[in-house]
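Shown below: data-v7.pdb, with PDB, C-alpha atoms.
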```
ATOM      1  CA  MET W   1      -0.822-123.934 -52.364
ATOM      2  CA  ARG W   2      -4.332-123.249 -53.591
ATOM      3  CA  ALA W   3      -5.261-119.589 -53.231
ATOM      4  CA  GLY W   4      -7.195-118.968 -50.034
ATOM      5  CA  LYS W   5      -6.917-122.531 -48.710
ATOM      6  CA  ALA W   6      -4.277-123.756 -46.263
ATOM      7  CA  THR W   7      -2.443-126.973 -47.069
ATOM      8  CA  THR W   8      -1.297-129.961 -45.042
ATOM      9  CA  THR W   9       0.713-133.081 -45.824
ATOM     10  CA  SER W  10      -0.637-136.227 -47.454
ATOM     11  CA  ASP W  11       0.553-138.215 -44.426
ATOM     12  CA  LYS W  12      -1.399-136.046 -41.999
ATOM     13  CA  ALA W  13      -4.505-136.241 -44.188
ATOM     14  CA  ALA W  14      -4.266-140.039 -44.359
ATOM     15  CA  THR W  15      -3.667-140.333 -40.616
ATOM     16  CA  HIS W  16      -6.671-138.083 -39.989
ATOM     17  CA  ASP W  17      -8.833-140.352 -42.126
ATOM     18  CA  THR W  18      -7.630-143.388 -40.179
ATOM     19  CA  THR W  19      -7.785-141.996 -36.650
ATOM     20  CA  MET W  20     -10.903-139.808 -36.716
ATOM     21  CA  PRO W  21     -13.405-142.702 -36.809
ATOM     22  CA  LEU W  22     -11.529-144.351 -33.928
ATOM     23  CA  LEU W  23     -11.466-141.107 -31.949
ATOM     24  CA  ASP W  24     -15.172-140.525 -32.572
ATOM     25  CA  SER W  25     -15.962-144.054 -31.427
ATOM     26  CA  MET W  26     -13.839-143.782 -28.285
ATOM     27  CA  TYR W  27     -15.373-140.419 -27.432
ATOM     28  CA  SER W  28     -18.900-141.814 -27.890
ATOM     29  CA  GLU W  29     -18.157-144.767 -25.626
ATOM     30  CA  PHE W  30     -16.733-142.610 -22.851
ATOM     31  CA  LYS W  31     -19.526-140.074 -23.246
ATOM     32  CA  GLU W  32     -22.139-142.796 -22.686
ATOM     33  CA  LEU W  33     -20.222-144.212 -19.743
ATOM     34  CA  SER W  34     -19.872-140.711 -18.309
ATOM     35  CA  LYS W  35     -23.652-140.360 -18.220
ATOM     36  CA  LYS W  36     -23.894-143.489 -16.051
ATOM     37  CA  LYS W  37     -20.735-143.340 -13.919
ATOM     38  CA  PRO W  38     -18.896-140.014 -14.341
ATOM     39  CA  ASP W  39     -16.801-140.524 -11.194
ATOM     40  CA  ALA W  40     -15.685-144.062 -12.023
ATOM     41  CA  ALA W  41     -11.934-144.611 -12.279
ATOM     42  CA  VAL W  42     -10.527-145.582 -15.675
ATOM     43  CA  SER W  43      -8.287-148.654 -15.797
ATOM     44  CA  LYS W  44      -4.645-148.361 -16.803
ATOM     45  CA  SER W  45      -5.250-150.551 -19.852
ATOM     46  CA  LYS W  46      -7.972-148.192 -21.105
ATOM     47  CA  ILE W  47      -5.702-145.206 -20.450
ATOM     48  CA  ASN W  48      -2.935-146.889 -22.471
ATOM     49  CA  ILE W  49      -5.333-147.602 -25.352
ATOM     50  CA  ALA W  50      -6.599-144.018 -25.318
ATOM     51  CA  ASN W  51      -3.094-142.542 -25.107
ATOM     52  CA  ARG W  52      -1.899-144.669 -28.030
ATOM     53  CA  LEU W  53      -4.655-143.159 -30.178
ATOM     54  CA  LEU W  54      -4.177-139.642 -28.794
ATOM     55  CA  ALA W  55      -0.427-139.790 -29.446
ATOM     56  CA  ARG W  56      -1.130-140.584 -33.098
ATOM     57  CA  VAL W  57      -3.684-137.767 -33.293
ATOM     58  CA  ARG W  58      -1.097-135.381 -31.825
ATOM     59  CA  THR W  59       1.185-136.082 -34.825
ATOM     60  CA  ILE W  60      -1.537-134.604 -37.026
ATOM     61  CA  LEU W  61      -2.113-131.593 -34.827
ATOM     62  CA  ASN W  62       1.505-130.877 -33.864
ATOM     63  CA  ASP W  63       1.651-127.716 -36.013
ATOM     64  CA  GLU W  64      -1.803-126.447 -35.004
ATOM     65  CA  GLU W  65      -2.418-123.865 -32.271
ATOM     66  CA  SER W  66      -4.788-126.245 -30.499
ATOM     67  CA  ILE W  67      -1.915-128.614 -29.589
ATOM     68  CA  ASP W  68      -1.095-126.439 -26.581
ATOM     69  CA  PHE W  69      -4.461-127.338 -25.039
ATOM     70  CA  LEU W  70      -4.395-131.080 -25.737
ATOM     71  CA  ASP W  71      -3.068-133.322 -22.993
ATOM     72  CA  LEU W  72      -2.457-137.040 -22.818
ATOM     73  CA  LEU W  73      -4.047-138.961 -19.980
ATOM     74  CA  ASP W  74      -1.926-139.427 -16.861
ATOM     75  CA  GLU W  75      -2.174-143.072 -15.861
ATOM     76  CA  ASP W  76      -0.589-142.351 -12.474
ATOM     77  CA  ASP W  77      -3.344-139.856 -11.699
ATOM     78  CA  VAL W  78      -6.088-142.473 -12.371
ATOM     79  CA  PRO W  79      -8.497-140.185 -14.217
ATOM     80  CA  GLN W  80     -12.239-140.439 -13.865
ATOM     81  CA  VAL W  81     -14.492-141.193 -16.823
ATOM     82  CA  SER W  82     -15.639-137.562 -16.917
ATOM     83  CA  ASP W  83     -11.993-136.392 -17.174
ATOM     84  CA  VAL W  84     -11.341-138.711 -20.113
ATOM     85  CA  THR W  85     -14.555-137.561 -21.791
ATOM     86  CA  LEU W  86     -13.503-133.925 -21.492
ATOM     87  CA  ILE W  87     -10.048-134.584 -22.937
ATOM     88  CA  LEU W  88     -11.457-136.650 -25.801
ATOM     89  CA  SER W  89     -13.978-133.913 -26.604
ATOM     90  CA  GLN W  90     -11.108-131.443 -26.982
ATOM     91  CA  TYR W  91      -9.314-133.765 -29.392
ATOM     92  CA  VAL W  92     -12.493-134.307 -31.416
ATOM     93  CA  ALA W  93     -13.000-130.543 -31.677
ATOM     94  CA  ALA W  94      -9.379-129.991 -32.753
ATOM     95  CA  MET W  95      -9.617-132.733 -35.383
ATOM     96  CA  LYS W  96     -12.845-131.284 -36.766
ATOM     97  CA  GLU W  97     -11.144-127.900 -37.075
ATOM     98  CA  PHE W  98      -8.183-129.560 -38.816
ATOM     99  CA  HIS W  99     -10.577-131.141 -41.312
ATOM    100  CA  LYS W 100     -12.390-127.869 -41.857
ATOM    101  CA  LYS W 101      -9.088-126.027 -42.416
ATOM    102  CA  TYR W 102      -7.470-128.462 -44.858
ATOM    103  CA  HIS W 103     -10.346-130.276 -46.568
ATOM    104  CA  GLY W 104     -12.899-128.883 -48.942
ATOM    105  CA  TRP W 105     -14.357-128.466 -52.401
ATOM    106  CA  ASP W 106     -11.862-127.688 -55.148
ATOM    107  CA  GLY W 107     -14.472-127.039 -57.845
ATOM    108  CA  SER W 108     -14.806-130.653 -58.921
ATOM    109  CA  GLU W 109     -14.505-132.786 -55.779
ATOM    110  CA  HIS W 110     -14.129-132.759 -51.998
ATOM    111  CA  ARG W 111     -10.520-133.434 -51.100
ATOM    112  CA  TRP W 112      -7.609-132.672 -48.836
ATOM    113  CA  PHE W 113      -5.514-129.660 -49.777
ATOM    114  CA  THR W 114      -1.930-130.945 -49.725
TER     115      THR W 114
END
```
This entry written out as structure tokens:
Amino acid sequence: MRAGKATTTSDKAATHDTTMPLLDSMYSEFKELSKKKPDAAVSKSKINIANRLLARVRTILNDEESIDFLDLLDEDDVPQVSDVTLILSQYVAAMKEFHKKYHGWDGSEHRWFT
């Protein structure tokens, strides 16, 4: 462990790099839709797609304190677009904190601390 910098696993770092662009994109799409139709119901197929991504993101965050505040979408509850946007924003914030905690400058390059 590098002095003063927390470490994570190589697998979590790689999964972060794969899922964060997808999470950002999904959040942006729902955010735009929320501006137009915040009360619109979200289809089960979209909930399944979102939950598949969120489940993968949860594997990265499973040891972080923020995991207690991150829920999956309940397809039986038929969430509204604004609900999905709120949940996605929490995941984006948690992933940004994960990056900030475990990624940085080591004196010669920006990298993950593993």
*List as a PyMOL selection string: which residues have an atom within 12 Å of (-7.3, -132.8, -52.7), counting all atoms listed in the file?*
chain W and resi 1-2+5-10+13-14+99+102-114
_Between W:Phe69, W:Lys36, W:Lys101, W:Lys12, which residue has the minimum interatomic distance to Ser89 in chain W, considering all atoms listed in the file?_
W:Phe69
*In Å to one decimal, how far is CA of Asp24 in chain W from CA of Leu61 in chain W?*
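Going from CA of Leu61 in chain W over to CA of Asp24 in chain W covers 16.0 Å.
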*Surrounding residues of Asp71 in chain W excluding itself and chain neighbours under 2 positions, 10 Å, only C-alpha atoms, as a PyMOL selection string*: chain W and resi 51+54-55+58+67-69+73-74+87-88+90-91
Keeping only C-alpha atoms, write the selected residues to a file as a CSV table (one decimal), in the frame of the given file.
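Done, and the output landed in selection_17.csv:
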```csv
chain,number,residue,atom,x,y,z
W,51,ASN,CA,-3.1,-142.5,-25.1
W,54,LEU,CA,-4.2,-139.6,-28.8
W,55,ALA,CA,-0.4,-139.8,-29.4
W,58,ARG,CA,-1.1,-135.4,-31.8
W,67,ILE,CA,-1.9,-128.6,-29.6
W,68,ASP,CA,-1.1,-126.4,-26.6
W,69,PHE,CA,-4.5,-127.3,-25.0
W,73,LEU,CA,-4.0,-139.0,-20.0
W,74,ASP,CA,-1.9,-139.4,-16.9
W,87,ILE,CA,-10.0,-134.6,-22.9
W,88,LEU,CA,-11.5,-136.6,-25.8
W,90,GLN,CA,-11.1,-131.4,-27.0
W,91,TYR,CA,-9.3,-133.8,-29.4
```
*Quote the spacing between CA of Lys96 in chain W and CA of Leu33 in chain W in Å to one decimal place.*
22.6 Å
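Using the PyMOL selection byres ((chain W and resi 75) around 8) on the file at hand returns these residues: Lys44, Ile47, Asn48, Leu73, Asp74, Asp76, Asp77, Val78 and Pro79 of chain W.
Between Gln80 in chain W and the candidates W:Ser25, W:Thr59, W:Thr18, W:Ser34, the tightest atom-to-atom separation, counting all atoms listed in the file, involves W:Ser34.
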*Mind pulling up the distance from CA of Arg56 in chain W to CA of Asp11 in chain W?*
11.7 Å
*Near-Glu64 in chain W list (10 Å; all atoms listed in the file; drop same-chain fewer than 5 positions) as a list in words*: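 Using all atoms listed in the file, the neighbours found are Arg58, Ala94, Glu97 and Phe98 of chain W.
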_Can you translate the PyMOL selection byres ((chain W and resi 40-42) around 6) into the concrete residues it hits in this file, as a list of chain:residue names?_
W:Lys37, W:Pro38, W:Asp39, W:Ser43, W:Pro79, W:Gln80, W:Val81
*Which of these residues is nearest to Ile49 in chain W, using all atoms listed in the file: W:Val92, W:Lys100, W:Met26, W:Met20?*
W:Met26
*Which residue of W:Met95, W:Leu70, W:Leu86, W:Ala50 approaches Thr15 in chain W most closely, using only C-alpha atoms*: W:Met95
Once 5 Å is added on each side, what are the centre and the three edge lengths, in Å to one decimal, of the axis-aligned box enclosing the listed atoms of range 8-11 of chain W? Present them as AutoDock Vina command-line options.
```
--center_x -0.3 --center_y -134.1 --center_z -45.9 --size_x 12.0 --size_y 18.3 --size_z 13.0
```
Complete range 15-44 of chain W with N, CA and C atoms (output as a tab-separated table (two decimals), in the frame of the given file).
```
chain	number	residue	atom	x	y	z
W	15	THR	N	-3.57	-139.98	-42.03
W	15	THR	CA	-3.67	-140.33	-40.62
W	15	THR	C	-4.96	-139.80	-40.02
W	16	HIS	N	-5.37	-138.62	-40.44
W	16	HIS	CA	-6.67	-138.08	-39.99
W	16	HIS	C	-7.79	-139.04	-40.39
W	17	ASP	N	-7.77	-139.47	-41.64
W	17	ASP	CA	-8.83	-140.35	-42.13
W	17	ASP	C	-8.86	-141.69	-41.39
W	18	THR	N	-7.72	-142.13	-40.92
W	18	THR	CA	-7.63	-143.39	-40.18
W	18	THR	C	-8.05	-143.21	-38.72
W	19	THR	N	-7.58	-142.14	-38.09
W	19	THR	CA	-7.78	-142.00	-36.65
W	19	THR	C	-9.11	-141.34	-36.25
W	20	MET	N	-9.69	-140.52	-37.11
W	20	MET	CA	-10.90	-139.81	-36.72
W	20	MET	C	-12.07	-140.74	-36.40
W	21	PRO	N	-12.33	-141.78	-37.19
W	21	PRO	CA	-13.40	-142.70	-36.81
W	21	PRO	C	-13.14	-143.39	-35.46
W	22	LEU	N	-11.89	-143.72	-35.20
W	22	LEU	CA	-11.53	-144.35	-33.93
W	22	LEU	C	-11.72	-143.38	-32.77
W	23	LEU	N	-11.31	-142.14	-32.97
W	23	LEU	CA	-11.47	-141.11	-31.95
W	23	LEU	C	-12.94	-140.83	-31.68
W	24	ASP	N	-13.72	-140.73	-32.73
W	24	ASP	CA	-15.17	-140.52	-32.57
W	24	ASP	C	-15.80	-141.67	-31.78
W	25	SER	N	-15.42	-142.88	-32.10
W	25	SER	CA	-15.96	-144.05	-31.43
W	25	SER	C	-15.57	-144.06	-29.95
W	26	MET	N	-14.31	-143.80	-29.67
W	26	MET	CA	-13.84	-143.78	-28.28
W	26	MET	C	-14.55	-142.69	-27.50
W	27	TYR	N	-14.68	-141.53	-28.10
W	27	TYR	CA	-15.37	-140.42	-27.43
W	27	TYR	C	-16.83	-140.79	-27.14
W	28	SER	N	-17.50	-141.40	-28.09
W	28	SER	CA	-18.90	-141.81	-27.89
W	28	SER	C	-19.04	-142.81	-26.74
W	29	GLU	N	-18.12	-143.76	-26.69
W	29	GLU	CA	-18.16	-144.77	-25.63
W	29	GLU	C	-17.97	-144.13	-24.25
W	30	PHE	N	-16.98	-143.25	-24.14
W	30	PHE	CA	-16.73	-142.61	-22.85
W	30	PHE	C	-17.85	-141.63	-22.49
W	31	LYS	N	-18.42	-141.00	-23.49
W	31	LYS	CA	-19.53	-140.07	-23.25
W	31	LYS	C	-20.72	-140.82	-22.66
W	32	GLU	N	-21.03	-141.98	-23.20
W	32	GLU	CA	-22.14	-142.80	-22.69
W	32	GLU	C	-21.84	-143.29	-21.27
W	33	LEU	N	-20.62	-143.75	-21.06
W	33	LEU	CA	-20.22	-144.21	-19.74
W	33	LEU	C	-20.25	-143.07	-18.73
W	34	SER	N	-19.88	-141.89	-19.18
W	34	SER	CA	-19.87	-140.71	-18.31
W	34	SER	C	-21.27	-140.35	-17.82
W	35	LYS	N	-22.27	-140.63	-18.63
W	35	LYS	CA	-23.65	-140.36	-18.22
W	35	LYS	C	-24.07	-141.28	-17.07
W	36	LYS	N	-23.53	-142.50	-17.06
W	36	LYS	CA	-23.89	-143.49	-16.05
W	36	LYS	C	-23.01	-143.42	-14.81
W	37	LYS	N	-21.71	-143.31	-15.02
W	37	LYS	CA	-20.74	-143.34	-13.92
W	37	LYS	C	-19.62	-142.32	-14.15
W	38	PRO	N	-19.91	-141.03	-14.05
W	38	PRO	CA	-18.90	-140.01	-14.34
W	38	PRO	C	-17.69	-140.04	-13.40
W	39	ASP	N	-17.89	-140.52	-12.17
W	39	ASP	CA	-16.80	-140.52	-11.19
W	39	ASP	C	-16.01	-141.82	-11.16
W	40	ALA	N	-16.38	-142.77	-12.01
W	40	ALA	CA	-15.68	-144.06	-12.02
W	40	ALA	C	-14.24	-143.89	-12.49
W	41	ALA	N	-13.34	-144.64	-11.87
W	41	ALA	CA	-11.93	-144.61	-12.28
W	41	ALA	C	-11.76	-145.38	-13.58
W	42	VAL	N	-10.82	-144.93	-14.39
W	42	VAL	CA	-10.53	-145.58	-15.68
W	42	VAL	C	-9.31	-146.48	-15.49
W	43	SER	N	-9.39	-147.70	-15.97
W	43	SER	CA	-8.29	-148.65	-15.80
W	43	SER	C	-7.06	-148.21	-16.59
W	44	LYS	N	-5.90	-148.70	-16.13
W	44	LYS	CA	-4.64	-148.36	-16.80
W	44	LYS	C	-4.64	-148.87	-18.24
```
